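Heads up: the structure comes next, in structure tokens.
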There are 2 protein chains.
Amino acid sequence: MSAIDDLTGELARLPGIGRKTALRLTYHLLKQPKEQSRRLADALRTLSDKVRACSRCFNLTEEELCVICRDPRRDPALICVVEEAADIGAIERAGEYRGHFHVLGGRLSPLDGVTPDDLTIPQLVSRVERTESGVREVILATNPSLEGEATALYVQRQLATFPLSVTRIARGLPVGGDLEYADGVTIAQALSARRAM
Amino acid sequence: MSAIDDLTGELARLPGIGRKTALRLTYHLLKQPKEQSRRLADALRTLSDKVRACSRCFNLTEEELCVICRDPRRDPALICVVEEAADIGAIERAGEYRGHFHVLGGRLSPLDGVTPDDLTIPQLVSRVERTESGVREVILATNPSLEGEATALYVQRQLATFPLSVTRIARGLPVGGDLEYADGVTIAQALSARRAM
């Protein structure tokens with residue numbers, strides 16, 4: 001039954017899907033109308049054929065420029081730097097941000113062999129450099145992890161010579177969180193970044 | 001970005017995969033070589049095109065008869081009745097059983113509208129009926145659930161007039177289980193089915 005083994009093997013390569021879950025999914029698909037497997041197969045093909053990186057901000061898109069870079073109502077003088085294209089979705093869902101983005105494609109991680117040249121940091125610098133861009137502020141929204149902080153620091157240094165403000169997203173207690181269960185580092189950050197009410 | 005939405009939507013139709021997991025899988029695939037999405041798409045297509053039910057036992061197969069029905073070393077006089085084709089894998093992994101199988105395709109469930117005619121019970125009866133089959137024993141290995149028990153009881157009645165023994169898999173404490181955490185029904189079953197040592 002190699003067709004079943006093939007699909008199970010391919011599904012098990014996905015993150016968070018083990019051998020048993022893969023087998024369960026395969027049997028599930030076998031019980032559904034054939035149309036469902038077909039549609040999933042077609043969606044996979046379309047994805048790998050059509051989706052590419054935006055030539056300006058490296059967000060995912062099916063066109064030359066992504067839907068955000070093409071939107072005339074968004075402010076191009078504001079660039080929010082994120083690690084992955086998926087992070088854009090998280091920020092967009094918050095519904096507060098009206099500027100543009102820049103996707104680094106990862107974070108600096110010397111142990112994993114990820115150096116500045118593996119990320120789109122040079123492209124960010126040349127994007128800011130172009131005088132017509134008129135970038136006013138770059139918001140560093142890399143993750144609040146060790147690598148994310150190091151990446152933010154590195155990007156900040158690359159942009160230090162330009163006449164613009166470089167900011168970092170705030171760290172603190174998550175809204176709805178509980179002081180009792182927060183870790184010490186977060187509490188320390190929340191205290192040192194306290195603001196007058 | 002409809003290609004991303006399409007794939008996310010299709011993945012989210014799978015059991016145990018919600019919207020967020022589907023999105024994470026989609027982004028994961030976008031970061032992998034295109035080859036991986038292609039292979040997954042091909043495996044899905046092959047599955048829906050090639051896999052069908054064994055004409056004798058309704059196990060999944062790519063041929064007329066499944067790999068178990070074709071195996072001359074297995075005993076055709078012994079039929080193990082299971083609810084789903086996936087259950088065959090579980091029994092085969094135990095490595096103890098050397099007979100044939102019969103896949104019912106579900107369990108009796110009047111509330112969900114599943115009647116005996118929706119299962120392969122008539123096919124099981126005519127399989128036993130054929131004198132050349134020489135079936136000696138039918139083992140009912142439906143799940144130890146309410147519906148599984150009802151299904152086993154129904155099948156047993158259908159086969160009552162044939163000169164063969166109809167048995168039910170044993171229920172009791174799982175090997176490696178803990179009496180302290182076992183439910184009362186299981187303990188009651190384990191007690192009433194106790195055997196001399």
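Starting from 1 in every chain, residues are counted up; chains themselves are A, B, ... following the order of the structure tokens, and ligands are numbered from 1 as listed.
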Within 10 Å of chain A: residues of chain B, using only C-alpha atoms, as a PyMOL selection string: chain B and resi 1-11+13-17+21+23-52+60-63+66-67+84-86+89+105
DSSP-assigned alpha helix (DSSP H) members of region 63-190 of chain A, reported as a PDB file with all heavy atoms, in the first residue's frame:
```pdb
ATOM      1  N   ALA A  85       7.407  36.575   7.542  1.00  0.00           N
ATOM      2  CA  ALA A  85       6.194  37.090   6.919  1.00  0.00           C
ATOM      3  C   ALA A  85       4.969  36.788   7.783  1.00  0.00           C
ATOM      4  O   ALA A  85       4.012  37.567   7.815  1.00  0.00           O
ATOM      5  CB  ALA A  85       6.015  36.485   5.531  1.00  0.00           C
ATOM      6  N   ALA A  86       5.007  35.660   8.517  1.00  0.00           N
ATOM      7  CA  ALA A  86       3.864  35.317   9.367  1.00  0.00           C
ATOM      8  C   ALA A  86       3.630  36.364  10.449  1.00  0.00           C
ATOM      9  O   ALA A  86       2.498  36.546  10.904  1.00  0.00           O
ATOM     10  CB  ALA A  86       4.097  33.950  10.005  1.00  0.00           C
ATOM     11  N   ASP A  87       4.695  37.055  10.859  1.00  0.00           N
ATOM     12  CA  ASP A  87       4.549  38.079  11.899  1.00  0.00           C
ATOM     13  C   ASP A  87       3.706  39.259  11.422  1.00  0.00           C
ATOM     14  O   ASP A  87       3.061  39.941  12.217  1.00  0.00           O
ATOM     15  CB  ASP A  87       5.934  38.585  12.337  1.00  0.00           C
ATOM     16  CG  ASP A  87       6.790  37.466  12.927  1.00  0.00           C
ATOM     17  OD1 ASP A  87       6.203  36.530  13.493  1.00  0.00           O
ATOM     18  OD2 ASP A  87       8.018  37.540  12.810  1.00  0.00           O
ATOM     19  N   ILE A  88       3.730  39.520  10.099  1.00  0.00           N
ATOM     20  CA  ILE A  88       2.921  40.612   9.556  1.00  0.00           C
ATOM     21  C   ILE A  88       1.451  40.358   9.851  1.00  0.00           C
ATOM     22  O   ILE A  88       0.719  41.259  10.266  1.00  0.00           O
ATOM     23  CB  ILE A  88       3.163  40.762   8.035  1.00  0.00           C
ATOM     24  CG1 ILE A  88       4.597  41.245   7.791  1.00  0.00           C
ATOM     25  CG2 ILE A  88       2.154  41.720   7.417  1.00  0.00           C
ATOM     26  CD1 ILE A  88       4.931  41.486   6.336  1.00  0.00           C
ATOM     27  N   GLY A  89       1.039  39.097   9.662  1.00  0.00           N
ATOM     28  CA  GLY A  89      -0.355  38.750   9.941  1.00  0.00           C
ATOM     29  C   GLY A  89      -0.739  39.079  11.370  1.00  0.00           C
ATOM     30  O   GLY A  89      -1.816  39.622  11.625  1.00  0.00           O
ATOM     31  N   ALA A  90       0.156  38.750  12.326  1.00  0.00           N
ATOM     32  CA  ALA A  90      -0.136  39.008  13.738  1.00  0.00           C
ATOM     33  C   ALA A  90      -0.308  40.502  13.988  1.00  0.00           C
ATOM     34  O   ALA A  90      -1.234  40.927  14.685  1.00  0.00           O
ATOM     35  CB  ALA A  90       0.987  38.446  14.606  1.00  0.00           C
ATOM     36  N   ILE A  91       0.569  41.313  13.390  1.00  0.00           N
ATOM     37  CA  ILE A  91       0.486  42.764  13.594  1.00  0.00           C
ATOM     38  C   ILE A  91      -0.741  43.338  12.895  1.00  0.00           C
ATOM     39  O   ILE A  91      -1.436  44.199  13.438  1.00  0.00           O
ATOM     40  CB  ILE A  91       1.792  43.448  13.111  1.00  0.00           C
ATOM     41  CG1 ILE A  91       2.948  43.015  14.025  1.00  0.00           C
ATOM     42  CG2 ILE A  91       1.655  44.962  13.088  1.00  0.00           C
ATOM     43  CD1 ILE A  91       4.300  43.519  13.605  1.00  0.00           C
ATOM     44  N   GLU A  92      -1.037  42.843  11.683  1.00  0.00           N
ATOM     45  CA  GLU A  92      -2.203  43.340  10.955  1.00  0.00           C
ATOM     46  C   GLU A  92      -3.496  43.017  11.690  1.00  0.00           C
ATOM     47  O   GLU A  92      -4.437  43.814  11.695  1.00  0.00           O
ATOM     48  CB  GLU A  92      -2.240  42.737   9.537  1.00  0.00           C
ATOM     49  CG  GLU A  92      -1.188  43.319   8.621  1.00  0.00           C
ATOM     50  CD  GLU A  92      -1.432  44.793   8.363  1.00  0.00           C
ATOM     51  OE1 GLU A  92      -2.402  45.123   7.660  1.00  0.00           O
ATOM     52  OE2 GLU A  92      -0.673  45.621   8.890  1.00  0.00           O
ATOM     53  N   ARG A  93      -3.544  41.838  12.328  1.00  0.00           N
ATOM     54  CA  ARG A  93      -4.755  41.480  13.065  1.00  0.00           C
ATOM     55  C   ARG A  93      -4.997  42.423  14.237  1.00  0.00           C
ATOM     56  O   ARG A  93      -6.137  42.646  14.632  1.00  0.00           O
ATOM     57  CB  ARG A  93      -4.666  40.030  13.567  1.00  0.00           C
ATOM     58  CG  ARG A  93      -5.129  39.016  12.540  1.00  0.00           C
ATOM     59  CD  ARG A  93      -5.301  37.639  13.152  1.00  0.00           C
ATOM     60  NE  ARG A  93      -4.035  37.071  13.621  1.00  0.00           N
ATOM     61  CZ  ARG A  93      -3.139  36.485  12.848  1.00  0.00           C
ATOM     62  NH1 ARG A  93      -3.370  36.357  11.560  1.00  0.00           N
ATOM     63  NH2 ARG A  93      -2.029  36.001  13.342  1.00  0.00           N
ATOM     64  N   ALA A  94      -3.904  42.989  14.788  1.00  0.00           N
ATOM     65  CA  ALA A  94      -4.073  43.945  15.884  1.00  0.00           C
ATOM     66  C   ALA A  94      -4.755  45.217  15.378  1.00  0.00           C
ATOM     67  O   ALA A  94      -5.392  45.926  16.149  1.00  0.00           O
ATOM     68  CB  ALA A  94      -2.722  44.274  16.511  1.00  0.00           C
ATOM     69  N   ILE A 121      18.894  42.308   5.618  1.00  0.00           N
ATOM     70  CA  ILE A 121      19.350  43.546   6.257  1.00  0.00           C
ATOM     71  C   ILE A 121      19.978  44.516   5.239  1.00  0.00           C
ATOM     72  O   ILE A 121      19.658  45.714   5.239  1.00  0.00           O
ATOM     73  CB  ILE A 121      20.305  43.235   7.429  1.00  0.00           C
ATOM     74  CG1 ILE A 121      19.528  42.474   8.519  1.00  0.00           C
ATOM     75  CG2 ILE A 121      20.893  44.518   8.012  1.00  0.00           C
ATOM     76  CD1 ILE A 121      20.366  41.992   9.685  1.00  0.00           C
ATOM     77  N   PRO A 122      20.854  44.034   4.314  1.00  0.00           N
ATOM     78  CA  PRO A 122      21.379  44.968   3.307  1.00  0.00           C
ATOM     79  C   PRO A 122      20.266  45.625   2.494  1.00  0.00           C
ATOM     80  O   PRO A 122      20.325  46.828   2.206  1.00  0.00           O
ATOM     81  CB  PRO A 122      22.254  44.064   2.422  1.00  0.00           C
ATOM     82  CG  PRO A 122      22.597  42.902   3.290  1.00  0.00           C
ATOM     83  CD  PRO A 122      21.445  42.685   4.203  1.00  0.00           C
ATOM     84  N   GLN A 123      19.240  44.855   2.147  1.00  0.00           N
ATOM     85  CA  GLN A 123      18.124  45.414   1.383  1.00  0.00           C
ATOM     86  C   GLN A 123      17.371  46.470   2.194  1.00  0.00           C
ATOM     87  O   GLN A 123      16.885  47.447   1.633  1.00  0.00           O
ATOM     88  CB  GLN A 123      17.139  44.309   0.965  1.00  0.00           C
ATOM     89  CG  GLN A 123      17.693  43.356  -0.101  1.00  0.00           C
ATOM     90  CD  GLN A 123      18.419  42.157   0.473  1.00  0.00           C
ATOM     91  OE1 GLN A 123      18.986  42.230   1.570  1.00  0.00           O
ATOM     92  NE2 GLN A 123      18.429  41.060  -0.258  1.00  0.00           N
ATOM     93  N   LEU A 124      17.280  46.250   3.512  1.00  0.00           N
ATOM     94  CA  LEU A 124      16.628  47.250   4.367  1.00  0.00           C
ATOM     95  C   LEU A 124      17.429  48.548   4.357  1.00  0.00           C
ATOM     96  O   LEU A 124      16.863  49.641   4.216  1.00  0.00           O
ATOM     97  CB  LEU A 124      16.487  46.719   5.800  1.00  0.00           C
ATOM     98  CG  LEU A 124      15.959  47.719   6.837  1.00  0.00           C
ATOM     99  CD1 LEU A 124      14.530  48.133   6.518  1.00  0.00           C
ATOM    100  CD2 LEU A 124      16.041  47.146   8.253  1.00  0.00           C
ATOM    101  N   VAL A 125      18.753  48.410   4.484  1.00  0.00           N
ATOM    102  CA  VAL A 125      19.616  49.592   4.504  1.00  0.00           C
ATOM    103  C   VAL A 125      19.481  50.369   3.196  1.00  0.00           C
ATOM    104  O   VAL A 125      19.288  51.589   3.190  1.00  0.00           O
ATOM    105  CB  VAL A 125      21.089  49.195   4.764  1.00  0.00           C
ATOM    106  CG1 VAL A 125      22.010  50.395   4.593  1.00  0.00           C
ATOM    107  CG2 VAL A 125      21.235  48.590   6.155  1.00  0.00           C
ATOM    108  N   SER A 126      19.530  49.654   2.043  1.00  0.00           N
ATOM    109  CA  SER A 126      19.461  50.390   0.777  1.00  0.00           C
ATOM    110  C   SER A 126      18.064  50.958   0.559  1.00  0.00           C
ATOM    111  O   SER A 126      17.897  51.964  -0.132  1.00  0.00           O
ATOM    112  CB  SER A 126      19.885  49.498  -0.397  1.00  0.00           C
ATOM    113  OG  SER A 126      18.996  48.440  -0.547  1.00  0.00           O
ATOM    114  N   ARG A 127      17.054  50.340   1.174  1.00  0.00           N
ATOM    115  CA  ARG A 127      15.690  50.867   1.088  1.00  0.00           C
ATOM    116  C   ARG A 127      15.599  52.200   1.839  1.00  0.00           C
ATOM    117  O   ARG A 127      14.946  53.140   1.372  1.00  0.00           O
ATOM    118  CB  ARG A 127      14.756  49.836   1.737  1.00  0.00           C
ATOM    119  CG  ARG A 127      13.308  49.967   1.376  1.00  0.00           C
ATOM    120  CD  ARG A 127      12.502  48.838   1.993  1.00  0.00           C
ATOM    121  NE  ARG A 127      11.119  49.253   2.169  1.00  0.00           N
ATOM    122  CZ  ARG A 127      10.199  48.577   2.816  1.00  0.00           C
ATOM    123  NH1 ARG A 127      10.503  47.410   3.381  1.00  0.00           N
ATOM    124  NH2 ARG A 127       8.967  49.033   2.916  1.00  0.00           N
ATOM    125  N   VAL A 128      16.253  52.269   2.988  1.00  0.00           N
ATOM    126  CA  VAL A 128      16.249  53.493   3.797  1.00  0.00           C
ATOM    127  C   VAL A 128      17.112  54.565   3.135  1.00  0.00           C
ATOM    128  O   VAL A 128      16.795  55.752   3.164  1.00  0.00           O
ATOM    129  CB  VAL A 128      16.759  53.169   5.226  1.00  0.00           C
ATOM    130  CG1 VAL A 128      17.055  54.435   5.999  1.00  0.00           C
ATOM    131  CG2 VAL A 128      15.736  52.310   5.962  1.00  0.00           C
ATOM    132  N   GLU A 129      18.216  54.095   2.507  1.00  0.00           N
ATOM    133  CA  GLU A 129      19.199  54.985   1.887  1.00  0.00           C
ATOM    134  C   GLU A 129      18.599  55.849   0.787  1.00  0.00           C
ATOM    135  O   GLU A 129      18.923  57.033   0.668  1.00  0.00           O
ATOM    136  CB  GLU A 129      20.310  54.123   1.256  1.00  0.00           C
ATOM    137  CG  GLU A 129      21.701  54.458   1.721  1.00  0.00           C
ATOM    138  CD  GLU A 129      22.641  53.299   1.359  1.00  0.00           C
ATOM    139  OE1 GLU A 129      22.294  52.483   0.465  1.00  0.00           O
ATOM    140  OE2 GLU A 129      23.714  53.204   1.954  1.00  0.00           O
ATOM    141  N   LEU A 146      16.354  36.051  22.827  1.00  0.00           N
ATOM    142  CA  LEU A 146      17.771  36.386  22.792  1.00  0.00           C
ATOM    143  C   LEU A 146      18.205  36.755  21.369  1.00  0.00           C
ATOM    144  O   LEU A 146      18.809  37.803  21.132  1.00  0.00           O
ATOM    145  CB  LEU A 146      18.580  35.186  23.300  1.00  0.00           C
ATOM    146  CG  LEU A 146      19.931  35.493  23.900  1.00  0.00           C
ATOM    147  CD1 LEU A 146      19.766  36.334  25.156  1.00  0.00           C
ATOM    148  CD2 LEU A 146      20.660  34.192  24.235  1.00  0.00           C
ATOM    149  N   GLU A 147      17.879  35.888  20.406  1.00  0.00           N
ATOM    150  CA  GLU A 147      18.273  36.151  19.022  1.00  0.00           C
ATOM    151  C   GLU A 147      17.558  37.362  18.455  1.00  0.00           C
ATOM    152  O   GLU A 147      18.142  38.140  17.695  1.00  0.00           O
ATOM    153  CB  GLU A 147      17.981  34.937  18.125  1.00  0.00           C
ATOM    154  CG  GLU A 147      18.939  33.781  18.320  1.00  0.00           C
ATOM    155  CD  GLU A 147      18.330  32.718  19.193  1.00  0.00           C
ATOM    156  OE1 GLU A 147      17.296  33.016  19.872  1.00  0.00           O
ATOM    157  OE2 GLU A 147      18.864  31.599  19.223  1.00  0.00           O
ATOM    158  N   GLY A 148      16.273  37.510  18.818  1.00  0.00           N
ATOM    159  CA  GLY A 148      15.503  38.655  18.332  1.00  0.00           C
ATOM    160  C   GLY A 148      16.103  39.969  18.802  1.00  0.00           C
ATOM    161  O   GLY A 148      16.204  40.935  18.031  1.00  0.00           O
ATOM    162  N   GLU A 149      16.527  40.002  20.063  1.00  0.00           N
ATOM    163  CA  GLU A 149      17.139  41.218  20.615  1.00  0.00           C
ATOM    164  C   GLU A 149      18.462  41.509  19.917  1.00  0.00           C
ATOM    165  O   GLU A 149      18.757  42.649  19.564  1.00  0.00           O
ATOM    166  CB  GLU A 149      17.389  41.054  22.125  1.00  0.00           C
ATOM    167  CG  GLU A 149      16.135  40.893  22.974  1.00  0.00           C
ATOM    168  CD  GLU A 149      15.242  42.132  22.995  1.00  0.00           C
ATOM    169  OE1 GLU A 149      15.659  43.192  22.493  1.00  0.00           O
ATOM    170  OE2 GLU A 149      14.109  42.024  23.497  1.00  0.00           O
ATOM    171  N   ALA A 150      19.268  40.462  19.716  1.00  0.00           N
ATOM    172  CA  ALA A 150      20.560  40.643  19.050  1.00  0.00           C
ATOM    173  C   ALA A 150      20.354  41.166  17.634  1.00  0.00           C
ATOM    174  O   ALA A 150      21.078  42.048  17.162  1.00  0.00           O
ATOM    175  CB  ALA A 150      21.327  39.323  19.025  1.00  0.00           C
ATOM    176  N   THR A 151      19.337  40.637  16.958  1.00  0.00           N
ATOM    177  CA  THR A 151      19.049  41.073  15.594  1.00  0.00           C
ATOM    178  C   THR A 151      18.630  42.543  15.586  1.00  0.00           C
ATOM    179  O   THR A 151      19.092  43.328  14.750  1.00  0.00           O
ATOM    180  CB  THR A 151      17.936  40.195  14.984  1.00  0.00           C
ATOM    181  OG1 THR A 151      18.282  38.827  15.158  1.00  0.00           O
ATOM    182  CG2 THR A 151      17.761  40.489  13.514  1.00  0.00           C
ATOM    183  N   ALA A 152      17.756  42.907  16.536  1.00  0.00           N
ATOM    184  CA  ALA A 152      17.298  44.297  16.628  1.00  0.00           C
ATOM    185  C   ALA A 152      18.487  45.228  16.851  1.00  0.00           C
ATOM    186  O   ALA A 152      18.605  46.281  16.209  1.00  0.00           O
ATOM    187  CB  ALA A 152      16.278  44.436  17.765  1.00  0.00           C
ATOM    188  N   LEU A 153      19.391  44.821  17.746  1.00  0.00           N
ATOM    189  CA  LEU A 153      20.567  45.633  18.060  1.00  0.00           C
ATOM    190  C   LEU A 153      21.435  45.816  16.817  1.00  0.00           C
ATOM    191  O   LEU A 153      21.895  46.922  16.506  1.00  0.00           O
ATOM    192  CB  LEU A 153      21.364  44.952  19.170  1.00  0.00           C
ATOM    193  CG  LEU A 153      22.360  45.830  19.926  1.00  0.00           C
ATOM    194  CD1 LEU A 153      21.622  46.915  20.683  1.00  0.00           C
ATOM    195  CD2 LEU A 153      23.191  44.982  20.887  1.00  0.00           C
ATOM    196  N   TYR A 154      21.627  44.713  16.088  1.00  0.00           N
ATOM    197  CA  TYR A 154      22.455  44.779  14.881  1.00  0.00           C
ATOM    198  C   TYR A 154      21.836  45.708  13.844  1.00  0.00           C
ATOM    199  O   TYR A 154      22.528  46.564  13.268  1.00  0.00           O
ATOM    200  CB  TYR A 154      22.640  43.377  14.288  1.00  0.00           C
ATOM    201  CG  TYR A 154      23.506  43.375  13.064  1.00  0.00           C
ATOM    202  CD1 TYR A 154      24.898  43.272  13.179  1.00  0.00           C
ATOM    203  CD2 TYR A 154      22.959  43.509  11.789  1.00  0.00           C
ATOM    204  CE1 TYR A 154      25.701  43.297  12.052  1.00  0.00           C
ATOM    205  CE2 TYR A 154      23.753  43.536  10.663  1.00  0.00           C
ATOM    206  CZ  TYR A 154      25.132  43.425  10.793  1.00  0.00           C
ATOM    207  OH  TYR A 154      25.920  43.466   9.689  1.00  0.00           O
ATOM    208  N   VAL A 155      20.529  45.582  13.607  1.00  0.00           N
ATOM    209  CA  VAL A 155      19.846  46.421  12.618  1.00  0.00           C
ATOM    210  C   VAL A 155      19.928  47.886  13.044  1.00  0.00           C
ATOM    211  O   VAL A 155      20.185  48.777  12.224  1.00  0.00           O
ATOM    212  CB  VAL A 155      18.377  45.979  12.433  1.00  0.00           C
ATOM    213  CG1 VAL A 155      17.631  46.961  11.525  1.00  0.00           C
ATOM    214  CG2 VAL A 155      18.309  44.579  11.850  1.00  0.00           C
ATOM    215  N   GLN A 156      19.740  48.130  14.346  1.00  0.00           N
ATOM    216  CA  GLN A 156      19.794  49.504  14.857  1.00  0.00           C
ATOM    217  C   GLN A 156      21.144  50.134  14.538  1.00  0.00           C
ATOM    218  O   GLN A 156      21.228  51.285  14.113  1.00  0.00           O
ATOM    219  CB  GLN A 156      19.529  49.475  16.367  1.00  0.00           C
ATOM    220  CG  GLN A 156      19.443  50.851  17.006  1.00  0.00           C
ATOM    221  CD  GLN A 156      20.648  51.130  17.882  1.00  0.00           C
ATOM    222  OE1 GLN A 156      21.050  50.268  18.673  1.00  0.00           O
ATOM    223  NE2 GLN A 156      21.218  52.309  17.745  1.00  0.00           N
ATOM    224  N   ARG A 157      22.228  49.353  14.705  1.00  0.00           N
ATOM    225  CA  ARG A 157      23.574  49.890  14.428  1.00  0.00           C
ATOM    226  C   ARG A 157      23.771  50.183  12.948  1.00  0.00           C
ATOM    227  O   ARG A 157      24.411  51.155  12.578  1.00  0.00           O
ATOM    228  CB  ARG A 157      24.632  48.901  14.908  1.00  0.00           C
ATOM    229  CG  ARG A 157      24.746  48.929  16.425  1.00  0.00           C
ATOM    230  CD  ARG A 157      25.934  48.157  16.913  1.00  0.00           C
ATOM    231  NE  ARG A 157      25.898  48.097  18.366  1.00  0.00           N
ATOM    232  CZ  ARG A 157      26.360  47.075  19.083  1.00  0.00           C
ATOM    233  NH1 ARG A 157      26.914  46.033  18.490  1.00  0.00           N
ATOM    234  NH2 ARG A 157      26.297  47.111  20.395  1.00  0.00           N
ATOM    235  N   GLN A 158      23.188  49.334  12.092  1.00  0.00           N
ATOM    236  CA  GLN A 158      23.313  49.547  10.653  1.00  0.00           C
ATOM    237  C   GLN A 158      22.612  50.834  10.227  1.00  0.00           C
ATOM    238  O   GLN A 158      22.981  51.457   9.242  1.00  0.00           O
ATOM    239  CB  GLN A 158      22.707  48.381   9.873  1.00  0.00           C
ATOM    240  CG  GLN A 158      23.352  47.035  10.155  1.00  0.00           C
ATOM    241  CD  GLN A 158      24.824  47.036   9.809  1.00  0.00           C
ATOM    242  OE1 GLN A 158      25.195  47.321   8.679  1.00  0.00           O
ATOM    243  NE2 GLN A 158      25.680  46.754  10.783  1.00  0.00           N
ATOM    244  N   GLY A 184      10.489  36.494  35.767  1.00  0.00           N
ATOM    245  CA  GLY A 184      11.224  37.610  36.357  1.00  0.00           C
ATOM    246  C   GLY A 184      11.746  38.604  35.347  1.00  0.00           C
ATOM    247  O   GLY A 184      11.702  39.821  35.580  1.00  0.00           O
ATOM    248  N   VAL A 185      12.214  38.130  34.195  1.00  0.00           N
ATOM    249  CA  VAL A 185      12.771  39.040  33.199  1.00  0.00           C
ATOM    250  C   VAL A 185      11.689  39.970  32.673  1.00  0.00           C
ATOM    251  O   VAL A 185      11.903  41.176  32.511  1.00  0.00           O
ATOM    252  CB  VAL A 185      13.407  38.233  32.044  1.00  0.00           C
ATOM    253  CG1 VAL A 185      14.036  39.180  31.033  1.00  0.00           C
ATOM    254  CG2 VAL A 185      14.437  37.258  32.563  1.00  0.00           C
ATOM    255  N   THR A 186      10.503  39.418  32.416  1.00  0.00           N
ATOM    256  CA  THR A 186       9.395  40.237  31.921  1.00  0.00           C
ATOM    257  C   THR A 186       9.003  41.279  32.960  1.00  0.00           C
ATOM    258  O   THR A 186       8.783  42.455  32.627  1.00  0.00           O
ATOM    259  CB  THR A 186       8.183  39.345  31.595  1.00  0.00           C
ATOM    260  OG1 THR A 186       8.569  38.419  30.581  1.00  0.00           O
ATOM    261  CG2 THR A 186       7.003  40.160  31.099  1.00  0.00           C
ATOM    262  N   ILE A 187       8.927  40.853  34.230  1.00  0.00           N
ATOM    263  CA  ILE A 187       8.562  41.804  35.293  1.00  0.00           C
ATOM    264  C   ILE A 187       9.607  42.910  35.393  1.00  0.00           C
ATOM    265  O   ILE A 187       9.279  44.104  35.498  1.00  0.00           O
ATOM    266  CB  ILE A 187       8.393  41.071  36.644  1.00  0.00           C
ATOM    267  CG1 ILE A 187       7.175  40.145  36.565  1.00  0.00           C
ATOM    268  CG2 ILE A 187       8.235  42.063  37.792  1.00  0.00           C
ATOM    269  CD1 ILE A 187       6.910  39.364  37.827  1.00  0.00           C
ATOM    270  N   ALA A 188      10.888  42.547  35.313  1.00  0.00           N
ATOM    271  CA  ALA A 188      11.956  43.546  35.373  1.00  0.00           C
ATOM    272  C   ALA A 188      11.815  44.549  34.221  1.00  0.00           C
ATOM    273  O   ALA A 188      11.938  45.758  34.405  1.00  0.00           O
ATOM    274  CB  ALA A 188      13.312  42.858  35.318  1.00  0.00           C
ATOM    275  N   GLN A 189      11.516  44.027  33.004  1.00  0.00           N
ATOM    276  CA  GLN A 189      11.333  44.903  31.847  1.00  0.00           C
ATOM    277  C   GLN A 189      10.133  45.815  32.035  1.00  0.00           C
ATOM    278  O   GLN A 189      10.175  47.001  31.708  1.00  0.00           O
ATOM    279  CB  GLN A 189      11.084  44.048  30.596  1.00  0.00           C
ATOM    280  CG  GLN A 189      12.282  43.233  30.161  1.00  0.00           C
ATOM    281  CD  GLN A 189      13.050  43.908  29.043  1.00  0.00           C
ATOM    282  OE1 GLN A 189      12.818  45.070  28.726  1.00  0.00           O
ATOM    283  NE2 GLN A 189      13.981  43.204  28.453  1.00  0.00           N
ATOM    284  N   ALA A 190       9.064  45.243  32.579  1.00  0.00           N
ATOM    285  CA  ALA A 190       7.833  46.014  32.770  1.00  0.00           C
ATOM    286  C   ALA A 190       8.067  47.133  33.785  1.00  0.00           C
ATOM    287  O   ALA A 190       7.505  48.231  33.657  1.00  0.00           O
ATOM    288  CB  ALA A 190       6.700  45.104  33.224  1.00  0.00           C
TER     289      ALA A 190
END
```
Restricting the calculation to only C-alpha atoms, which member of A:Ser55, A:Gly113, A:Leu104, A:Ile169 is positioned closest to Val81 (chain A)?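 The answer is A:Leu104, which sits nearest to Val81 (chain A).
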Can you work out the spacing between CA of Ala141 (chain B) and CA of Glu83 (chain B) in Å, to one decimal? 7.7 Å
Quick one: residues within 9 Å of Ile139 (chain B), only C-alpha atoms counted, chain neighbours fewer than 3 positions away excluded, as a ChimeraX atom specification? /B:78-82,165-169
Length of the CA of Ser145 (chain B) to CA of Arg19 (chain A) vector [Å]: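 It comes out at 25.1 Å.
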Length of the CA of Arg194 (chain B) to CA of Val175 (chain B) vector [Å]: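 Rounded to one decimal, the two atoms are 14.6 Å apart.
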DSSP says strand (DSSP E or B) for which residues of region 8-138 of chain A? Put them as a list of chain:residue names?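 Assigned to strand (DSSP E or B), within region 8-138 of chain A: A:Arg52, A:Ala53, A:Leu60, A:Thr61, A:Asp75, A:Pro76, A:Ala77, A:Leu78, A:Ile79, A:Cys80, A:Val81, A:Val82, A:Gly99, A:His100, A:Phe101, A:His102, A:Val103, A:Ser109, A:Val114, A:Glu137, A:Val138.
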